[in-house]
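Below: one structure, written as structure tokens.
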Amino acid sequence: MSATPSTLSGLAPKAINWSIALSIFLIIAGLFALLLPFISGVAITLFFGWAMILSGITHFIFAFKTHSTGGRIWEALVGAVYLITGFILLMHPLDSLLVLTLVLAYYLFFEAIVEFIQFFQLRPRHGAVWLLVDGIITLILAVMIWRAWPASSIWVVGTLVGISMIFSGFSRLMLSLAAKRILNRVG
């Protein structure tokens, strides 16, 4: 069954309205994450735990679908690591939040280094200074998290995810509203 233009024009407003509703939900969830950063940090840790378990199960399924013995062993080993990691995250969410915060600090540190390298490679180009600014801010954030660790674990993950959710929600909302205006103009 192929979609006709009239079918698509009927689906577009529904999709845009759902996108607007999800954007608003994302903004509200981000605000809750900012208001309750510790609780949202633990929730994120539990989410990662379940995601790791799901990934482990997927790797085990792929292990049985792989045709080579080496591939089966590799997929099974990777699946076991994912499963064990997921269970550890679920069984020890507070300790896992501590580790997750430290991993985030190291990630931001190495991201800052990459931004600095990119800046020096692209320095003659217009706008390259923004890579330097991004690298400096990322490095400052990494150092702040690392120096305050483990106490920073209480607020870092939940706060950063909350900010990300709010910005993602607003950008998605603006795109959805622009699409709705275009659709109203066309229709």
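The chains in the structure tokens are called A, B, ... from first to last as shown; in each chain the residues are counted from 1, and the ligands are counted from 1 in the order shown.
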Give me the residues near Phe48 (chain A) as a PDB file with all heavy atoms, in the first residue's frame, where near means some atom within 9 Å (using only C-alpha atoms) and where sequence neighbours in that chain fewer than 3 positions away do not count.
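Printed below is part-v4.pdb as written:
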ATOM      1  N   ALA A  43      18.647   7.643  38.414  1.00  0.00           N
ATOM      2  CA  ALA A  43      17.760   7.110  37.365  1.00  0.00           C
ATOM      3  C   ALA A  43      18.533   6.884  36.067  1.00  0.00           C
ATOM      4  O   ALA A  43      18.329   5.872  35.385  1.00  0.00           O
ATOM      5  CB  ALA A  43      16.589   8.062  37.137  1.00  0.00           C
ATOM      6  N   ILE A  44      19.422   7.805  35.741  1.00  0.00           N
ATOM      7  CA  ILE A  44      20.237   7.658  34.527  1.00  0.00           C
ATOM      8  C   ILE A  44      21.160   6.451  34.659  1.00  0.00           C
ATOM      9  O   ILE A  44      21.340   5.677  33.717  1.00  0.00           O
ATOM     10  CB  ILE A  44      21.020   8.954  34.253  1.00  0.00           C
ATOM     11  CG1 ILE A  44      20.036  10.061  33.847  1.00  0.00           C
ATOM     12  CG2 ILE A  44      22.089   8.760  33.194  1.00  0.00           C
ATOM     13  CD1 ILE A  44      20.588  11.453  33.973  1.00  0.00           C
ATOM     14  N   THR A  45      21.728   6.265  35.840  1.00  0.00           N
ATOM     15  CA  THR A  45      22.579   5.102  36.087  1.00  0.00           C
ATOM     16  C   THR A  45      21.787   3.815  35.902  1.00  0.00           C
ATOM     17  O   THR A  45      22.266   2.859  35.264  1.00  0.00           O
ATOM     18  CB  THR A  45      23.168   5.172  37.510  1.00  0.00           C
ATOM     19  OG1 THR A  45      23.897   6.388  37.652  1.00  0.00           O
ATOM     20  CG2 THR A  45      24.083   3.994  37.781  1.00  0.00           C
ATOM     21  N   ALA A  51      20.150  -0.615  29.738  1.00  0.00           N
ATOM     22  CA  ALA A  51      20.624  -0.544  28.348  1.00  0.00           C
ATOM     23  C   ALA A  51      21.779  -1.521  28.130  1.00  0.00           C
ATOM     24  O   ALA A  51      21.864  -2.173  27.085  1.00  0.00           O
ATOM     25  CB  ALA A  51      21.051   0.879  28.009  1.00  0.00           C
ATOM     26  N   MET A  52      22.661  -1.634  29.118  1.00  0.00           N
ATOM     27  CA  MET A  52      23.775  -2.571  29.008  1.00  0.00           C
ATOM     28  C   MET A  52      23.274  -4.018  28.984  1.00  0.00           C
ATOM     29  O   MET A  52      23.780  -4.841  28.216  1.00  0.00           O
ATOM     30  CB  MET A  52      24.750  -2.378  30.178  1.00  0.00           C
ATOM     31  CG  MET A  52      25.427  -1.032  30.202  1.00  0.00           C
ATOM     32  SD  MET A  52      26.589  -0.803  28.882  1.00  0.00           S
ATOM     33  CE  MET A  52      28.035  -1.479  29.616  1.00  0.00           C
ATOM     34  N   ILE A  53      22.283  -4.322  29.804  1.00  0.00           N
ATOM     35  CA  ILE A  53      21.724  -5.676  29.815  1.00  0.00           C
ATOM     36  C   ILE A  53      21.075  -5.988  28.469  1.00  0.00           C
ATOM     37  O   ILE A  53      21.269  -7.070  27.908  1.00  0.00           O
ATOM     38  CB  ILE A  53      20.727  -5.835  30.982  1.00  0.00           C
ATOM     39  CG1 ILE A  53      21.492  -5.866  32.309  1.00  0.00           C
ATOM     40  CG2 ILE A  53      19.869  -7.086  30.819  1.00  0.00           C
ATOM     41  CD1 ILE A  53      20.620  -5.818  33.541  1.00  0.00           C
ATOM     42  N   GLY A  86      25.942  -4.319  33.214  1.00  0.00           N
ATOM     43  CA  GLY A  86      24.564  -3.893  33.457  1.00  0.00           C
ATOM     44  C   GLY A  86      24.073  -4.307  34.831  1.00  0.00           C
ATOM     45  O   GLY A  86      23.459  -3.508  35.552  1.00  0.00           O
ATOM     46  N   LEU A  89      25.711  -2.171  37.488  1.00  0.00           N
ATOM     47  CA  LEU A  89      25.074  -0.848  37.536  1.00  0.00           C
ATOM     48  C   LEU A  89      23.745  -0.906  38.289  1.00  0.00           C
ATOM     49  O   LEU A  89      23.426  -0.004  39.070  1.00  0.00           O
ATOM     50  CB  LEU A  89      24.854  -0.300  36.125  1.00  0.00           C
ATOM     51  CG  LEU A  89      26.093   0.180  35.378  1.00  0.00           C
ATOM     52  CD1 LEU A  89      25.748   0.464  33.925  1.00  0.00           C
ATOM     53  CD2 LEU A  89      26.690   1.401  36.027  1.00  0.00           C
ATOM     54  N   LEU A  90      22.978  -1.960  38.050  1.00  0.00           N
ATOM     55  CA  LEU A  90      21.675  -2.086  38.709  1.00  0.00           C
ATOM     56  C   LEU A  90      21.795  -2.450  40.182  1.00  0.00           C
ATOM     57  O   LEU A  90      20.996  -1.994  41.005  1.00  0.00           O
ATOM     58  CB  LEU A  90      20.819  -3.127  37.987  1.00  0.00           C
ATOM     59  CG  LEU A  90      20.358  -2.767  36.584  1.00  0.00           C
ATOM     60  CD1 LEU A  90      19.560  -3.908  35.974  1.00  0.00           C
ATOM     61  CD2 LEU A  90      19.538  -1.489  36.573  1.00  0.00           C
TER      62      LEU A  90
END
Notebook entry, point to check: Which residue out of A:Ile166, A:Trp50, A:Val186, A:Arg172 has the minimum interatomic distance to Phe32 (chain A) when only C-alpha atoms are used?
Noted result: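 Of all the options, A:Ile166 lies closest to Phe32 (chain A).
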Next item on the list: Could you check which of A:Ser96, A:Thr101, A:Ser19, A:Thr138 is closest to Ile113 (chain A), using only C-alpha atoms?
Entry: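 Checking each of A:Ser96, A:Thr101, A:Ser19, A:Thr138 against Ile113 (chain A), counting only C-alpha atoms, the winner is A:Thr138.
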Checklist line | Pick from A:Ile88, A:Leu108, A:Leu131, A:Leu100 nearest to Gly41 (chain A), counting only C-alpha atoms | finding: A:Leu100
Next item on the list: Find the residues near region 22-27 of chain A: any atom within 10 Å, counting only C-alpha atoms, skip ones fewer than 4 places away on the same chain, and give them as a VMD selection string.
Entry: chain A and resid 16 to 18 31 to 33 162 to 176
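For Thr58 (chain A), the non-local neighbours within 12 Å, defined as residues at least 5 positions apart in the same chain or in other chains and counting only C-alpha atoms, are A:Ala51, A:Met52, A:Ile53, A:Ala63, A:Phe64, A:Lys65, A:Glu75, A:Ala76, A:Val78, A:Gly79, A:Ala80, A:Tyr82, A:Leu83.
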Take the selection from the previous step and output its residues with C-alpha atoms, as a CSV table (one decimal), in the first residue's frame.
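Okay, result_35.csv is ready:
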chain,number,residue,atom,x,y,z
A,51,ALA,CA,20.6,-0.5,28.3
A,52,MET,CA,23.8,-2.6,29.0
A,53,ILE,CA,21.7,-5.7,29.8
A,63,ALA,CA,26.5,-14.9,18.7
A,64,PHE,CA,24.0,-17.6,17.7
A,65,LYS,CA,23.5,-16.0,14.3
A,75,GLU,CA,30.0,-11.9,20.5
A,76,ALA,CA,29.4,-14.1,23.6
A,78,VAL,CA,31.2,-9.0,24.6
A,79,GLY,CA,27.6,-10.0,25.6
A,80,ALA,CA,28.9,-11.3,28.9
A,82,TYR,CA,27.7,-6.0,28.8
A,83,LEU,CA,25.5,-8.2,31.0
Margin query: Please compute the CA of Met144 (chain A)-CA of Phe47 (chain A) distance, one decimal, in Å.
Written below: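 Separating CA of Met144 (chain A) from CA of Phe47 (chain A) is a distance of 25.1 Å.
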